[in-house]
Amino acid sequence: MSVLFVLISACLLMALVFLLAFVWSVKQGQYDDDYTPAVRILFDDTTRSDSSNKTNPEQ
Amino acid sequence: MSTATYSLAGSQAVCYHCGEPCEADSLVYDDKPFCCAGCKTVYELLAGNDLSCYYDLNAKPGTAQKAGRSRVRYDWLDDRQAASKLIQYTDDEIAIASFKIPTIHCSSCIYLLENVYRIQPAIVRSQVDFVHKTLRLTFRKKDISLRQAVELIASLGYEPQLTLNDLEAKTTSSSNRSYYLKIGVAFFAFGNIMLLSFPEYLGIDALSETPLRRFFGYLNFLLSLPVILYSAREFFQSAYGALRQRSTNMDIPIALGMIVMFLRSSYDIFMLQGAGYMDTLASLTLLMLIGRLFQNKTYATLAFDRDYKSYFPVAVTVSRDGHEASIPLSGLTIGDEIIVRNEELIPADSILLAGEAMIDYSFVTGESVPVPKKAGDMIYAGGKQTGSTISMTVAKDVSHSYLTQLWNDDAFKGAEEPGTISLANQVSRYFTPAVLLIAIAAGAYWARTDMHRAMNAFTAVLIITCPCALALSAPFTLGNAIRILAKYGVYLKNTAVIEKITTIRSIIFDKTGTLTDKNGRHISYAGDKLSFEEQIYVASLTYHSSHPLSRKVYQYLSEVPTMLVSDFREVQGQGVEGLVEKHMVRVGSATFAGGQAADTDRPQASGVHISIDGIYRGRYDIRNEYRTGLNGLIQTLRSHFDLYVLSGDNDREKENLRQIIPADHLMFDQQPADKLRFIKQLQEQHTGKVMMIGDGLNDAGALRQSDVGLVVSDDTNNFSPACDAIIDARRFEGIDHLISYAGDAMHIIKASYGISLLYNMAGMYLAVQGDMSPLVAAVLMPISSITIISFSTFLSWIAARRRHLIKPFAAKS
């Protein structure tokens with residue numbers, strides 16, 4: 001049973017790490033805007049393909 | 001007007017950029033129709049820079065460039081001092097500025113604004129915060145100035161909101177962050193304490209002999225420390241604050257329960273190797289913090305504390321030694337010579353030096369017809385110049401001007417009371433002593449036989465009656481109510497406004513812009529019938545005039561084409577004349593057009609008179625159009641409230657209004673300060689609380705003085721004066737629903753108080769016996785809280801349905 005002392009302490013420490021990660025993310029402002037990042041990730045980066053299309057005919 | 005444009009939209013093409021209906025001679029570019037040159041320019045700019053994805057993400061995402069495009073000047077941004085207020089960070093290479101852009105409304109906006117670097121490579125990075133509608137711009141200082149960057153953004157139709165208010169109030173980090181942290185910590189502790197208390201819940205006795213049980217207890221104690229010291233701190237602070245002021249609030253019994261819970265549990269853990277109530281403590285704190293967060297709904301895009309600074313320009317053009325310079329408004333002193341251009345606001349009371357002044361005082365008085373002024377006349381701050389550029393000498397400080405003096409009134413000095421509802425405080429006034437009495441009685445009863453049991457009973461009563469459920473019923477009912485109302489189109493400053501609405505006895509309306517629709521004016525023609533050609537003449541002439549009444553006539557005739565006008569002449573305050581196809585057309589006042597007699601029979605309407613080739617033809621009557629549903633609304637409200645109308649306008653609408661509101665409740669020619677005084681009088685007569693419904697800066701004093709200030713807004717993106725609530729103009733006729741729903745919400749809170757008191761009594765029955773196990777508390781407290789949360793949320797939703805508050809906006813017509 002004494003292994004539980006070690007295991008539970010280790011688990012709590014790990015949980016504490018996640019709590020600190022959460023605190024860090026809040027202080028960073030990651031929860032201030034919950035809409036834009038979700039939209040931003042869906043934008044296609046069209047410039048690169050468009051500009052390659054334009055340069056191809058010249059070649 | 002509204003029906004005309006609507007039918008147009010059905011048959012005609014709509015602008016590819018903004019979705020506005022295109023007029024007959026619409027522009028076509030790339031096979032796409034555009035309503036105006038402005039929209040086309042934006043399209044060309046985007047298409048030329050590989051940004052046409054803007055149009056793929058959403059159909060017609062642009063903002064209309066045609067109307068209301070104020071020619072804002074950004075010269076003042078070159079001023080180092082003014083620019084420094086916008087710039088957050090700067091070094092030798094780059095600068096970072098951030099601004100609020102109210103027109104951000106869809107994913108296309110995000111796309112475009114985050115890709116502006118393709119148009120202007122000197123912009124290194126631009127980041128949109130959609131929730132707060134702000135743009136953070138990083139640009140290379142060497143290549144472009146702040147002014148150029150702002151002008152670029154504005155040219156795309158995203159005009160930053162740069163007002164004194166926004167600049168002076170540095171962006172405060174949202175208070176929600178601290179709630180997130182507190183909730184995170186409480187949740188962390190709650191989860192782990194629950195886990196460590198599991199053996200207790202299951203009644204596993206095998207542990208009782210081992211050191212493990214003691215270990216779990218110590219861990220629980222450690223985990224509860226951040227909860228009591230950090231997460232629950234605000235409850236203790238609030239309770240302490242109330243005690244110091246010798247008043248009561250709901251946080252006093254909560255703080256008492258929590259302290260007792262913590263001390264009793266610590267005692268159990270260290271002295272008796274018991275389990276304690278740490279799990280209950282953590283779950284309670286967690287639930288109540290969630291309630292606070294839920295109640296703390298704020299609208300990042302709406303501001304309820306605007307004063308005149310939001311309306312006034314940030315910078316003014318000053319003429320010094322023959323040079324024109326743009327200086328910040330705060331640097332303006334008496335005697336300065338200022339230059340005011342078309343559509344610009346006069347920032348301080350000044351004396352006109354030169355130029356033709358036509359001042360639109362609609363801001364101050366609600367009267368929309370511009371007033372002509374001569375050189376030497378005093379022009380009051382808040383007026384807007386329409387027409388040519390004028391120059392004037394500042395006669396008074398900005399803050400001591402006629403209009404801004406209103407903000408020196410006492411009404412603006414008192415600190416705003418925080419958003420707590422007084423019903424909760426009333427309940428706690430009886431609740432706290434009652435609980436203490438029962439706890440002492442139970443302790444005294446057992447003290448005669450068993451001292452240990454007496455302590456148990458005393459603390460258990462205080463723990464189990466910790467009014468968690470009671471404290472949650474108001475946040476969840478009201479929090480849900482303001483969310484439902486926000487969807488409906490009514491935005492409340494905080495939840496306390498709902499309780500204030502239920503105490504109202506009198507309602508005061510402003511006229512212009514509140515009872516009447518600013519945009520919709522009813523136009524009718526009286527006189528000799530005009531042929532189609534003659535209508536063209538009138539339309540052509542009014543097209544060139546900037547007078548609001550001429551614009552209305554032009555809008556009314558928007559379906560007829562226009563022709564070239566020669567010998568165009570505008571007579572200030574009189575009208576316009578010009579030659580169209582060799583016909584002399586005059587449009588303007590009765591004397592100007594030569595129809596004096598005609599003006600007297602309908603004094604309540606503003607008339608635009610027409611004469612062609614010197615022959616008087618007739619007039620367009622332009623009447624203020626009352627908002628739809630006004631009659632019905634007044635009928636409903638009249639039986640419950642005293643209704644008044646305070647108008648800054650003259651009394652030409654008196655006859656119309658008398659039909660719905662008694663004549664002695666109609667007040668005309670009311671200056672902003674008069675409105676404030678009137679409300680003060682009404683409040684002093686003890687006729688109950690007063691609600692002011694207004695719309696503009698001229699109502700600001702009255703809105704502030706009243707118990708509930710409600711602002712009717714055609715566009716909630718626009719500025720509204722300081723108030724308690726903002727209502728979408730399309731929901732104007734729903735004001736009676738709003739009032740009755742507020743009553744419903746308070747009834748729901750009372751009902752859930754009843755339920756949570758029942759729970760408390762049941763718990764108390766167990767507690768007074770002195771042998772309540774921690775498990776009972778751990779089960780009873782969350783169950784009672786969850787019952788209350790679901791009860792209040794569900795009922796507030798049902799009530800909203802019953803009051804027809806849950807329905808989508810009708811198509812804007």
# chains A, B, ... in the order shown; residues from 1 in each chain; ligands from 1
$ residues_around --residues "Val608 of chain B" --least-positions-apart "2" --cutoff "9 Å" --atoms "only C-alpha atoms" --output "list in words"
Leu549, Ser550, Val553, Gly575, Val587, Gly588, Ser589, Ala590, Ala593, Ser606, Ile610, Gly618, Arg619, Tyr620, Asp621 and Ile622 of chain B
$ interface_residues --of "chain A" --to "chain B" --cutoff "8 Å" --atoms "only C-alpha atoms" --output "VMD selection string"
chain A and resid 5 12 15 19 22 to 23 26 to 27 29 31 to 36 39 to 40 43 46 to 47 50
$ atom_distance --atom1 "atom CA of Tyr430 of chain B" --atom2 "atom CA of Phe476 of chain B"
22.3 Å
$ select_by_dssp --residues "segment 73-276 of chain B" --states "strand (DSSP E or B)" --output "count of residues only"
26
$ atom_distance --atom1 "atom CA of Ala800 of chain B" --atom2 "atom CA of Tyr741 of chain B"
6.7 Å
$ residues_around --residues "segment 674-691 of chain B" --least-positions-apart "4" --cutoff "12 Å" --atoms "only C-alpha atoms" --output "short mmCIF file (atom, residue, chain, number, x, y, z; two decimals) with N, CA and C atoms, in the first residue's frame"
data_model
loop_
_atom_site.label_atom_id
_atom_site.label_comp_id
_atom_site.auth_asym_id
_atom_site.auth_seq_id
_atom_site.Cartn_x
_atom_site.Cartn_y
_atom_site.Cartn_z
N VAL B 364 -27.76 68.12 -30.19
CA VAL B 364 -28.03 68.79 -28.93
C VAL B 364 -29.52 68.86 -28.67
N THR B 365 -30.30 69.17 -29.69
CA THR B 365 -31.71 69.41 -29.47
C THR B 365 -32.61 68.37 -30.09
N LEU B 403 -23.09 72.57 -23.92
CA LEU B 403 -23.55 71.18 -23.90
C LEU B 403 -22.78 70.36 -22.88
N LEU B 406 -23.37 69.96 -18.99
CA LEU B 406 -24.32 68.97 -18.49
C LEU B 406 -23.60 67.91 -17.67
N TRP B 407 -22.37 67.60 -18.08
CA TRP B 407 -21.64 66.52 -17.40
C TRP B 407 -21.05 66.97 -16.08
N ASP B 409 -23.02 68.28 -13.90
CA ASP B 409 -24.15 68.16 -13.00
C ASP B 409 -23.89 67.05 -11.97
N ASP B 410 -24.57 67.20 -10.82
CA ASP B 410 -24.39 66.22 -9.75
C ASP B 410 -24.72 64.80 -10.19
N ALA B 411 -25.66 64.69 -11.13
CA ALA B 411 -26.09 63.36 -11.55
C ALA B 411 -24.93 62.53 -12.04
N PHE B 412 -23.90 63.20 -12.56
CA PHE B 412 -22.79 62.45 -13.12
C PHE B 412 -21.69 62.20 -12.10
N VAL B 497 -30.05 45.86 -13.54
CA VAL B 497 -31.01 46.68 -14.28
C VAL B 497 -32.38 46.00 -14.30
N GLU B 499 -33.85 44.22 -12.03
CA GLU B 499 -34.61 44.50 -10.81
C GLU B 499 -35.11 45.95 -10.81
N LYS B 500 -34.25 46.86 -11.30
CA LYS B 500 -34.65 48.28 -11.31
C LYS B 500 -35.85 48.50 -12.22
N ILE B 501 -35.91 47.75 -13.32
CA ILE B 501 -37.02 47.94 -14.26
C ILE B 501 -38.35 47.63 -13.57
N THR B 502 -38.34 46.66 -12.65
CA THR B 502 -39.61 46.26 -12.03
C THR B 502 -40.13 47.33 -11.05
N THR B 503 -39.29 48.33 -10.70
CA THR B 503 -39.75 49.32 -9.74
C THR B 503 -40.27 50.59 -10.40
N ILE B 504 -40.29 50.60 -11.72
CA ILE B 504 -40.62 51.83 -12.45
C ILE B 504 -42.10 52.18 -12.36
N ARG B 505 -42.36 53.50 -12.19
CA ARG B 505 -43.74 53.97 -12.18
C ARG B 505 -44.00 54.96 -13.32
N SER B 506 -43.00 55.69 -13.74
CA SER B 506 -43.21 56.66 -14.83
C SER B 506 -42.22 56.39 -15.96
N ILE B 507 -42.66 56.61 -17.17
CA ILE B 507 -41.79 56.45 -18.33
C ILE B 507 -41.78 57.75 -19.11
N ILE B 508 -40.58 58.21 -19.43
CA ILE B 508 -40.45 59.46 -20.17
C ILE B 508 -39.82 59.16 -21.51
N PHE B 509 -40.45 59.67 -22.55
CA PHE B 509 -39.91 59.45 -23.89
C PHE B 509 -39.30 60.74 -24.42
N ASP B 510 -38.23 60.58 -25.15
CA ASP B 510 -37.74 61.67 -25.98
C ASP B 510 -38.52 61.57 -27.28
N LYS B 511 -38.60 62.65 -28.05
CA LYS B 511 -39.39 62.54 -29.28
C LYS B 511 -38.52 62.16 -30.49
N PHE B 641 -48.35 52.89 -16.30
CA PHE B 641 -47.32 53.88 -16.00
C PHE B 641 -47.79 55.28 -16.35
N ASP B 642 -47.16 56.26 -15.72
CA ASP B 642 -47.33 57.66 -16.12
C ASP B 642 -46.41 57.90 -17.30
N LEU B 643 -46.97 58.36 -18.40
CA LEU B 643 -46.14 58.58 -19.58
C LEU B 643 -45.94 60.07 -19.82
N TYR B 644 -44.72 60.43 -20.20
CA TYR B 644 -44.42 61.82 -20.54
C TYR B 644 -43.62 61.84 -21.84
N VAL B 645 -43.70 62.96 -22.54
CA VAL B 645 -42.82 63.16 -23.69
C VAL B 645 -42.06 64.45 -23.48
N LEU B 646 -40.74 64.37 -23.55
CA LEU B 646 -39.89 65.56 -23.46
C LEU B 646 -39.21 65.71 -24.80
N SER B 647 -39.47 66.81 -25.48
CA SER B 647 -38.89 66.97 -26.80
C SER B 647 -38.05 68.23 -26.86
N GLY B 648 -36.91 68.12 -27.50
CA GLY B 648 -36.07 69.30 -27.70
C GLY B 648 -36.57 70.10 -28.88
N HIS B 665 -48.77 66.25 -20.30
CA HIS B 665 -47.57 65.42 -20.17
C HIS B 665 -46.63 65.59 -21.36
N LEU B 666 -46.95 66.57 -22.19
CA LEU B 666 -46.11 66.83 -23.36
C LEU B 666 -45.30 68.09 -23.12
N MET B 667 -43.99 67.98 -23.23
CA MET B 667 -43.13 69.14 -22.98
C MET B 667 -42.28 69.37 -24.23
N PHE B 668 -42.31 70.60 -24.74
CA PHE B 668 -41.52 70.89 -25.94
C PHE B 668 -40.43 71.91 -25.63
N ASP B 669 -39.55 72.11 -26.59
CA ASP B 669 -38.42 73.05 -26.46
C ASP B 669 -37.61 72.78 -25.20
N GLN B 670 -37.38 71.54 -24.89
CA GLN B 670 -36.63 71.16 -23.70
C GLN B 670 -35.15 71.06 -24.02
N LEU B 697 -27.26 62.41 -27.49
CA LEU B 697 -26.46 63.12 -26.50
C LEU B 697 -27.32 64.13 -25.74
N ASN B 698 -28.36 64.63 -26.40
CA ASN B 698 -29.19 65.63 -25.73
C ASN B 698 -30.02 65.02 -24.61
N ASP B 699 -30.12 63.69 -24.58
CA ASP B 699 -30.84 63.04 -23.49
C ASP B 699 -29.89 62.55 -22.41
N ALA B 700 -28.59 62.78 -22.61
CA ALA B 700 -27.60 62.15 -21.74
C ALA B 700 -27.84 62.44 -20.27
N GLY B 701 -28.14 63.72 -19.95
CA GLY B 701 -28.37 64.07 -18.56
C GLY B 701 -29.58 63.35 -17.99
N ALA B 702 -30.66 63.34 -18.77
CA ALA B 702 -31.89 62.69 -18.33
C ALA B 702 -31.68 61.19 -18.16
N LEU B 703 -30.94 60.59 -19.07
CA LEU B 703 -30.70 59.15 -18.99
C LEU B 703 -29.94 58.81 -17.72
N ARG B 704 -29.01 59.69 -17.38
CA ARG B 704 -28.18 59.43 -16.22
C ARG B 704 -28.96 59.66 -14.93
N GLN B 705 -29.77 60.71 -14.92
CA GLN B 705 -30.52 61.04 -13.72
C GLN B 705 -31.62 60.02 -13.44
N SER B 706 -32.19 59.45 -14.50
CA SER B 706 -33.30 58.53 -14.33
C SER B 706 -32.83 57.25 -13.66
N ASP B 707 -33.79 56.48 -13.15
CA ASP B 707 -33.42 55.23 -12.48
C ASP B 707 -33.03 54.17 -13.49
N VAL B 708 -33.72 54.17 -14.63
CA VAL B 708 -33.33 53.28 -15.71
C VAL B 708 -33.26 54.12 -16.98
N GLY B 709 -32.10 54.21 -17.56
CA GLY B 709 -31.95 54.95 -18.81
C GLY B 709 -31.87 53.96 -19.97
N LEU B 710 -32.83 54.07 -20.88
CA LEU B 710 -32.89 53.13 -21.99
C LEU B 710 -32.62 53.91 -23.28
N VAL B 711 -31.70 53.43 -24.08
CA VAL B 711 -31.36 54.12 -25.31
C VAL B 711 -31.86 53.33 -26.50
N CYS B 723 -25.88 54.95 -20.33
CA CYS B 723 -27.23 54.48 -20.05
C CYS B 723 -27.15 53.14 -19.33
N ASP B 724 -28.33 52.60 -19.01
CA ASP B 724 -28.39 51.29 -18.37
C ASP B 724 -28.69 50.19 -19.36
N ALA B 725 -29.33 50.55 -20.46
CA ALA B 725 -29.70 49.53 -21.42
C ALA B 725 -29.78 50.14 -22.81
N ILE B 735 -40.88 47.09 -25.86
CA ILE B 735 -40.50 47.63 -24.55
C ILE B 735 -41.43 47.11 -23.46
N ILE B 739 -40.46 45.02 -19.99
CA ILE B 739 -40.83 45.38 -18.62
C ILE B 739 -41.52 44.20 -17.94
#
$ atom_distance --atom1 "atom CA of Asp613 of chain B" --atom2 "atom CA of Leu579 of chain B"
9.3 Å
$ residues_around --residues "Leu541 of chain B" --least-positions-apart "3" --cutoff "8 Å" --atoms "only C-alpha atoms" --output "JSON, numbers by chain"
{"B": [537, 538, 544, 545, 565, 568, 576, 577, 578, 580, 585, 587]}
$ select_by_dssp --residues "segment 490-602 of chain B" --states "alpha helix (DSSP H)" --output "MDAnalysis selection string"
chainID B and resid 496:501 532:543 548:556 590:593
